[in-house]
Amino acid sequence: MKPCWHKEPPKELERRIRANDREYNFAFSYANNFISTSKYNILTFLPKNLFEQFQRLANAYFLFLLILQLIPQISSLTPFTTIIPLLSVLTLTAMKDAVDDIQRHRNDNLVNNRQSFVLQDGKLMAELWHRVQVGDVIRMESDQFVAADLLLLSTSEPHGLCYIETAELDGETNLKCRQALPETAEMGEDNKTIGLFNGEIVCEPPNNNLSRFEGTLQWKDTKYALDNDKLLLRGCKLRNTKWCYGVVMFAGPDTKLMQNSGKTVFKRTSIDRFMNTLIIGIFLFLGVICLVCTISAGIWEAKHGRYFQTYLPWEDIVPWNATDPEQYPVGGAVTVIALLVFFSYVIVLNTVVPISLYVSVEVIRFGHSWWINWDRKMYYEKTDTAARSRTTTLNEELGQIEYIFSDKTGTLTQNIMTFNKCSIGGKSYGDVFDSQGNLLEATEDTKKVDFSANPWYEPLFCFHDESLLTAVTNGNPQVCLFFKVLALCHTVMAEMKNDQLEYQAQSPDEAALVGAARNFGFVFKSRTPATITIEVQGEQEIYELLCILDFNNVRKRMSVILRREGKIYLYCKGADIVIYERLQSGTDALKKASTEHLNSFAAEGLRTLCLAVREISETEYERWKLRHHDAATSLENRESKVAAVYEEIEQGLELAGSTAIEDKLQDGVPDTIANLAVANIKIWVLTGDKQETAINIGYSCKLLTDEMNEVFTVDAATRADVELQLQDILASLKRQSGPASRGGAGGGNVDVVSFTDPPPADAETALNLNGVIAHVEEAEDGEHAGFALVVNGHSLVYALQESMELLFLEVACLCKAVICCRVTPLQKALVVDLVKKHKSAVTLAIGDGANDVSMIKTAHIGVGISGQEGMQAVLSSDFSVAQFRYLERLLLVHGRSSYFRMCKFLDYFFYKNFAFTLCHFWFAFFCGFSAQTLFDPWFISVYNVFYTSLPVLALGIFDKDVDERMSLRFPRLYIPGHLNLFFNTKVFLQSVVKGILSSLILFFVPFNALKHAWHENGDFFIDLSDRQTLGFVIATTLILAVSLQIAFDTAYWTGFNHFVIWGSILFYLAFQFLLYSNLIGAAYLGVAVSAMGSAVTWFTIFVTLVILMLPVVAYRFFYIDTRPTLSDRVRLKQRGARPLKSKTTEFPLRPTSARSRSRRSLRSGYAFAHQEGFGKLITSGANMRKSESLAGFATRKITQFASGTQSEGNVRAPRHENMHVTIADNSSR
């Protein structure tokens, strides 16, 4: 519901813009380019923050309590006992929220104050981003971020071409091409001409569709169609383009980047929501107790109280006349007194839910946040980036995550392709062997091939098999043909930049393959619409480019037809299945050997590609050329006719080899996913990539494994077919995942380890600690069976419809892993919201691009990957890490510890306050239910603030049941968070019952012991049965009891724990003696000295403590001995374990499964462009500069290569790297 003062703007149906005319555009009230991700401003901070804080029932309750305390007739406590804590809580929380929001403001200001150049009156003027208006023409320079959504007018490149990088939008660093209208591209960079541009644009209203745009441009009496290829989106970065001009179409919140950001929502933890429910229950409990006291007070006053007016006079407002009792009926007076007593006891017993609870919760959460910020093991040195807790209110929620929704590109992968292995002529290259011929694992210390003799080599290119370079040097014809295919069959474009050769590729796959050929001496140098120039071993070769048979998702291959020295060749590369179908007969032996190599490559998670060649006669080519021309110029079914002509020429091929490149995962991703899966966390990958690529990455990162029973695919194109597929999959899942099926449909296997049940009596090793731990380790290290689901984007559209979403959710939740491909940012958020709505589970979304922001904001916990090009995800996240692998530590160490500590804190806090508060209730039976307090008001005020605050804070900040090493080694320790085992209704009720029983013992043992007790002090006898002495003795016993209780509850002792626990006891005693001395002269003057001077008092305290603590100790030992939890077992193992050997990396590797079977389907994720390449641009010559030539530079390089020397300045940092990471096996796993 919108506030009454908020004017809802009319819904925009279409957008009309006139370039260079701010006055015209201002009439439409379009949004300016100012963005804000913050929640507050100076005016709204106080009311909005107070509104959010008073949504907590406890805060509203204490405000009500404060109002009651301001009424003297019903309050026996000063209002300051509530005012000070309430203001402290509100102020502390407001300060914390302000700090968080100030950081958001700073981040917004960094973006809003970026500089751009706006064309005004034919002159370029420097302007800040937030002052840019719709309709402005702005100039962008190379490597600058695009300020707003622009219609491209002209660029520095031929034919209005422009290259952009969309890392901030989707995490992809490969270049994408945009092209201006030829009519506007002619304006070039003539500021006066562009300043006179007055085209009128009519387009669609603001929306979040990143891949579609429709509009028209009316200029010079001509209408031009506009589409997405002519649009530059905010957040893109201009690459390899010196400059460009564009008209602002959408600004600020209307840009597609911000439209995909979603709304900032107020997030609260499940413990917060549960505590609200508990507070309601406690209020009801408090109401019942107050009602009992009210009724009892009425009865007592009616029978006895009216006769004691001299000693207990009634309030003036009570309708009673002591001199004339008949004037007012007793019933009316008793009713008023009972009503006053009710509110009086509400005040007296308010400490059952002290406001200090929320102060302590905020302090503990703040401490947990700093543990994350200070964790050096989550610091990424390469980018100088540490983990950050961007909010301090959600830490314990990290310990209850059941579903992780992850982006792929930039989150799981680095979007860097590396050339790892290849197969040529039936021989595999890329493996490393020792002198005895044993296969070795390539590490950082493994000797690398030296490519320095090649002047074009890339220093970061890494390859370990020397034999491949030797074959090139020796002129092996098969190897040379292989690399020629790589150097010639592509749509990559070369560019000289600062005397360095750089490649522009639309996909990192092609860049990696062309880069590999370059490092082995087959250097792609340049191209024109009619030629391709390469350099082979220092010798320049120029090929005539006859035709490019471009890639698409149906063909799954691309080919080039080239002529050199009178011979025509067809070079082809593509998926192994489509290449094998087109090979000439008689090559079975070669195909068999290559297939074995392909299976081996695929088993390692590498992306494979086959290469093939064919020589074509001149006659055949001429005939084919005519047919191709007819098909390309056909007005009907052009695409299918061209595809058929391509099919004719791509036959009778000769296999030239196969490649294996790695879609380089971030370090530690497979191990992280494997460990999280053992922790029963389900991982869903939501990616915009195609299905084959996503499945391939799924296998690489161990999200999908060979041991899975089945990987289901939903890829139907109609609603009925999607529903049918889901129903068939559901039936199959239910049929295959019976109770006896190991792993179950969900693959959770929670029953492998019991958290509450005793070990089976018939298992001999069950009572043996080492046997139990070994069983757990075996369960964790084993690769469990299960199912996986892969859903395509067009099918997901129907699956997320209201009539089908529950069916889709049921199927997905029965699977261990879910991969959604070709999904839009909105679909990502809808999938997360679907799980949030219908599953009582905590969700986490992690991503690095602007297309992940909506998903991150929708999930309970949002994690942004920082240190990348794009920071939009980080700015919208709750936590940020530099690498995906740190998510394991964030959840299994920090998340689990935060949840464990918070639950332990709450359990203890409710116990100590029920034990403290209910002593007043028992005393009520002995004070005529007059709301007289048992304890000194000073003690009531500072009990939770000074006497017991620091020990419980130390417990909540420092305690841990097992160390971080064991938390990572035994991920199943995380599962109690899913089941709410550490703090739930049962645990709370146990704490309440324990507090009630403790209060009974605390009150009645000293009460009966001191009822007739006296103490001899010289010539005087001091009576110990007075209220003040009783209150002091009970208070002292209470402090000692709760201190001993927290000592028993503390699992991890630090010097600070010792200091605050024992120091709190000493502080209490010292303060009591000081408070009740002549120096201060409080109401209980002399009570401390009098009581502590009696042996009866000490004996009473000792007996009470024994009665209180003996059952607790007995219960603990009995349960640990007979019903140990997994954490008990791990903790005992931890105490007796020797220190583990240090690891060479900070992310331990899980052992690879011994089982292995061929994954032929995996190779469908072949290494190739994700979309149609630059083929049309190349053959049309639209992207070529007329004066561009590398001939002179190439001549200089030939001489250097022949002599084997290299001048300084020729070594450059490559666009892609190939590197291996050393990962030592951790025997402890």
# chains A, B, ... in the order shown; residues from 1 in each chain; ligands from 1
>>> select_by_dssp(residues="region 105-146 of chain A", states="alpha helix (DSSP H)", output="list of chain:residue names")
A:His105, A:Arg106, A:Asn107, A:Asp108, A:Asn109, A:Leu110, A:Val111, A:Asn112
>>> closest_atom_pairs(of="region 1043-1069 of chain A", to="region 1105-1121 of chain A", cutoff="10 Å", atoms="only C-alpha atoms", output="tab-separated table")
residue	atom	partner	partner_atom	distance
A:Leu1044	CA	A:Met1109	CA	8.0
A:Gln1045	CA	A:Met1109	CA	7.5
A:Phe1048	CA	A:Val1113	CA	8.1
A:Asp1049	CA	A:Arg1116	CA	9.9
>>> write_last_selection(atoms="N, CA, C and O atoms", output="PDB file, in the first residue's frame")
ATOM      1  N   LEU A1044      27.679 -20.522  37.108  1.00  0.00           N
ATOM      2  CA  LEU A1044      28.103 -21.913  36.984  1.00  0.00           C
ATOM      3  C   LEU A1044      27.437 -22.592  35.795  1.00  0.00           C
ATOM      4  O   LEU A1044      28.044 -23.411  35.098  1.00  0.00           O
ATOM      5  N   GLN A1045      26.165 -22.248  35.565  1.00  0.00           N
ATOM      6  CA  GLN A1045      25.449 -22.828  34.430  1.00  0.00           C
ATOM      7  C   GLN A1045      26.121 -22.451  33.110  1.00  0.00           C
ATOM      8  O   GLN A1045      26.312 -23.301  32.234  1.00  0.00           O
ATOM      9  N   PHE A1048      29.201 -24.417  32.600  1.00  0.00           N
ATOM     10  CA  PHE A1048      28.927 -25.750  32.075  1.00  0.00           C
ATOM     11  C   PHE A1048      28.560 -25.703  30.595  1.00  0.00           C
ATOM     12  O   PHE A1048      28.876 -26.615  29.829  1.00  0.00           O
ATOM     13  N   ASP A1049      27.890 -24.624  30.173  1.00  0.00           N
ATOM     14  CA  ASP A1049      27.454 -24.511  28.779  1.00  0.00           C
ATOM     15  C   ASP A1049      28.588 -24.127  27.838  1.00  0.00           C
ATOM     16  O   ASP A1049      28.481 -24.332  26.626  1.00  0.00           O
TER      17      ASP A1049
END
>>> residues_around(residues="region 267-280 of chain A", least_positions_apart="6", cutoff="10 Å", atoms="only C-alpha atoms", output="NGL selection string")
:A and (55-58 or 61 or 286 or 352-353 or 391 or 393-398 or 400 or 840-842 or 857-861 or 878 or 899 or 902-903 or 906 or 980 or 983-985 or 988-989)
>>> atom_distance(atom1="CA of Tyr1052 (chain A)", atom2="CA of Asp959 (chain A)")
5.1 Å
>>> select_by_dssp(residues="region 275-467 of chain A", states="strand (DSSP E or B)", output="PyMOL selection string")
chain A and resi 380+385+388-389+401-406+409+413-424+427-429+432-433+439-440
>>> closest_residue(among="A:Phe1099, A:Phe482, A:Trp374, A:Tyr543", to="Val613 (chain A)", atoms="only C-alpha atoms")
A:Phe482
>>> closest_residue(among="A:Ala612, A:Leu562, A:Val1096, A:Ala494", to="Glu541 (chain A)", atoms="only C-alpha atoms")
A:Leu562
>>> atom_distance(atom1="CA of Ile1061 (chain A)", atom2="CA of Thr1125 (chain A)")
26.9 Å
>>> residues_around(residues="Ile846 (chain A)", least_positions_apart="3", cutoff="10 Å", atoms="only C-alpha atoms", output="JSON, numbers by chain")
{"A": [404, 405, 406, 407, 408, 411, 412, 685, 849, 852, 853, 855, 856, 859, 861, 862, 863, 864, 865, 873, 874, 877, 879, 880, 881, 884, 887]}
